[in-house]
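Data block below; observations after.
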Amino acid sequence: MSLSINQNVPAGLIHIARPRSTRRWAVRPGLLLAGLFVLLLVIAAIQPGWLVAGDPFQAISRAAYSAPGSQYWLGSDENGRDILTRLVYAARPSLVLGVSATAIGLLFGTVFGLAAGLGPRWLDGAVMRLVDVLLAFPDLLLALVVITFFGQGQLNLIIAIGIANVPRYARLVRAQTLVVRGAGYVEAATTLGLPRHSVILRHVLPNAIKPILILATIGIGGNIVNGAALSFLGFGAAPPAPEWGGMLAMGRNYLANAWWLVAWPALAITLTVVSISVIGRELLRRSEGKRS
Amino acid sequence: MKNLRLIVRRLLSGLGVLWGAATLTFLAVNLSAGDPAMAILGGPGAMPSAELIAKVRAEYGLDQPLIVQYGQYLGRLAQGDLGDSYNLRKPVGQVIASKLGATAQLSLSAAALAVLLAVVVAVLSANRAPWIRSLVSGTELVVSSAPSFVIGLILLLVFAFGWHLLPPSGSNGWRALILPSVALALPVAAVLSQVLRQSLEDILEQPFIAMARARGMSETGVRLKHALRHALVPLVTLAGFVFASLLGGAVVIELLFSRQGIGRLMLDAAVSKDVPLLLGITLLAAAIYVVVNFLVDLINHWVDPRAKAV
């Protein structure tokens with residue numbers, strides 16, 4: 001059950017070069033904006049106090065549902081808390097979740113992928129069949145099952161989403177390992193008499209994982225989305241904690257009279273994912289450009 | 001003959017994946033901390049007597065060795081018996097069947113809409129002026145990045161609560177189906193049209209396209225009759241993969257639009273820790289994935305004669 005898309009693309013396509021240099025310059029402003037936004041997110045995650053002065057938990061009940069204005073730039077929520085402040089404070093859990101879930105997926109995926117790509121045939125077969133089975137479960141459903149068994153909360157959310165990532169990375173790492181294993185420099189290192197583990201650690205692993213790291217950058221965005229979806233469903237941190245998905249879940253109840261409760265978190269999630277994909281795609285394009 | 005062998009091989013590997021999925025769910029139930037007999041009796045809070053627990057254990061075969069239980073479990077699965085839901089006290093198969101229609105309606109309409117949108121957008125925008133391409137691919141980037149529930153919330157804000165054009169919730173009638181289908185379809189459509197446009201552009205530069213143009217065929221004719229057919233080949237594989245995952249999206253969309261369905265059922269099962277129901281739905285999702293991929297392989301084989309060489 002192979003899912004590779006590339007195998008269907010004919011190899012000998014006749015390419016007529018399009019002038020790409022003009023397009024590369026056209027992309028730059030978007031890339032710059034994406035970079036700035038991610039920088040802003042990182043600052044918000046490290047030190048939210050530098051961006052906003054308020055307290056994300058401070059509730060002034062008589063100021064509930066204030067429309068965006070000079071007092072509350074983006075409006076206030078159902079308890080009279082400042083939405084901008086909460087949005088900024090929510091950047092940390094989202095980024096932490098996106099990065100660490102990706103790291104978990106990458107770590108275990110690499111272990112499985114390397115084992116399958118370098119180990120004996122039976123191990124390869126066993127690992128890849130397991131990956132096939134795990135791929136049959138949709139990400140979100142797999143994460144829901146993990147949460148049901150381990151309970152909810154931020155840490156379990158990260159583990160659940162991370163586990164859902166493992167099969168895909170395992171498959172990618174295995175494919176890369178098979179490519180790298182046959183490369184000349186690996187053969188040379190083996191011929192020079194380097195021990196097997198140092199060939200694997202110094203030559204196979206770094207070269208196999210480099211292209212996958214770029215894909216993992218884009219994967220961070222997808223994990224942030226899945227995390228927001230799960231916290232929207234009520235499996236994230238407990239309610240008063242600022243979280244984009246949780247804010248959306250709450251705002252959903254007031255769609256008819258307070259659009260700002262939903263619009264801003266929605267914008268924040270979308271901009272985050274768009275920026276991460278823009279940066280990831282640029283990295284991907286550069287790495288491909290270098291190789292060919 | 002060769003075709004038949006391929007079909008049988010794919011069928012066997014699909015069955016293998018299903019068997020693996022069933023084994024994993026069995027392990028999940030038995031490795032989880034809770035005692036199934038307690039859960040059947042309503043959890044530790046119900047304080048059942050020791051005799052009652054023993055009776056339930058005997059009744060459900062929980063006193064047998066694990067390997068025997070595993071065999072019985074597979075046997076029951078083969079007969080379509082997924083066990084009983086802890087909370088609803090009804091066979092899981094029956095519970096799922098009662099909600100399957102609503103979700104099938106939602107995901108099939110979303111799938112059809114996604115393919116239609118992707119084909120229209122890709123055919124219209126392939127190899128056009130740079131500003132059209134940037135506009136379209138920028139929109140695709142934003143739409144494919146935004147999760148379906150965010151799109152759903154914005155649709156609700158505009159069409160249901162802003163302009164009062166469509167009902168915000170419910171499972172009855174086609175009007176209630178529009179917003180959830182669009183929300184579910186848009187991100188998928190954006191991904192599909194990106195891939196489709198790329199392959200259309202590659203194919204529009206092939207010699208046989210130049211040949212068709214040289215024979216005096218119109219641009220629309222070239223795109224629809226020649227290029228699209230070839231460009232659809234990679235799309236079929238991707239589409240199968242994406243559609244199998246629509247069920248995951250349905251969990252959030254059904255909650256958002258207060259619809260009945262499998263996704264909602266799964267969410268309730270996760271909240272109330274109704275393990276048999278949860279795993280039954282998970283197995284169903286795996287089965288759908290296997291069937292869809294089997295069909296995709298067959299379609300690919302049929303559409304693209306080059307694949308037959310393999």
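Each chain in the structure tokens gets a letter, A, B and so on, in the order shown; residues start at 1 in every chain, and ligands are counted from 1 in the order they appear.
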
### Task
Excluding segment 99-102 of chain A and residues on its chain fewer than 5 positions from it, collect all residues at most 8 Å away from it, counting only C-alpha atoms, and give them as an NGL selection string.
:A and (158-159 or 161-163 or 165 or 216 or 219-220 or 223)

### Message
When you look at segment 79-87 of chain A with a cut-off of 10 Å (counting only C-alpha atoms), what residues show up, excluding the ones that are within fewer than 2 positions of it in the same chain? I need them as a ChimeraX atom specification.
### Response
/A:44,48-49,51-66,68,71-77,89-92,241-244,247,260-261,264-265,268-269

### Query
Mind checking DSSP for segment 222-289 of chain A and telling me the alpha helix (DSSP H) residues as an MDAnalysis selection string?
chainID A and resid 222:232 244:251 260:289

### Task
Could you give me, as a PyMOL selection string, the residues within 10 Å of segment 245-251 of chain B, counting only C-alpha atoms and dropping anything in the same chain fewer than 6 positions from it?
(chain A and resi 136-142+144+229-230+233) or (chain B and resi 103-104+106-108+110-111+147-149+180-181+183-185+188+239+259+261-267+281-282+284-286+288-289)

### Spatial neighbours of Val204 of chain A, 8 Å, only C-alpha atoms, chain gap at least 5 places, as a ChimeraX atom specification
/A:177,180-181,186,199

Keeping C-alpha atoms for every residue in the selection just given, could you write it to a file as a PDB file, in the first residue's frame?
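Below you can see result.pdb, which holds the result:
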ATOM      1  CA  THR A 177      18.209   6.120   4.709  1.00  0.00           C
ATOM      2  CA  VAL A 180      21.960   7.540   1.631  1.00  0.00           C
ATOM      3  CA  ARG A 181      23.032   3.984   2.434  1.00  0.00           C
ATOM      4  CA  VAL A 186      29.089   5.862   3.015  1.00  0.00           C
ATOM      5  CA  VAL A 199      29.285   5.467  10.006  1.00  0.00           C
TER       6      VAL A 199
END

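Our summary of the geometry notes that atom CA of Phe149 of chain A is positioned 12.2 Å from atom CA of Pro276 of chain B.
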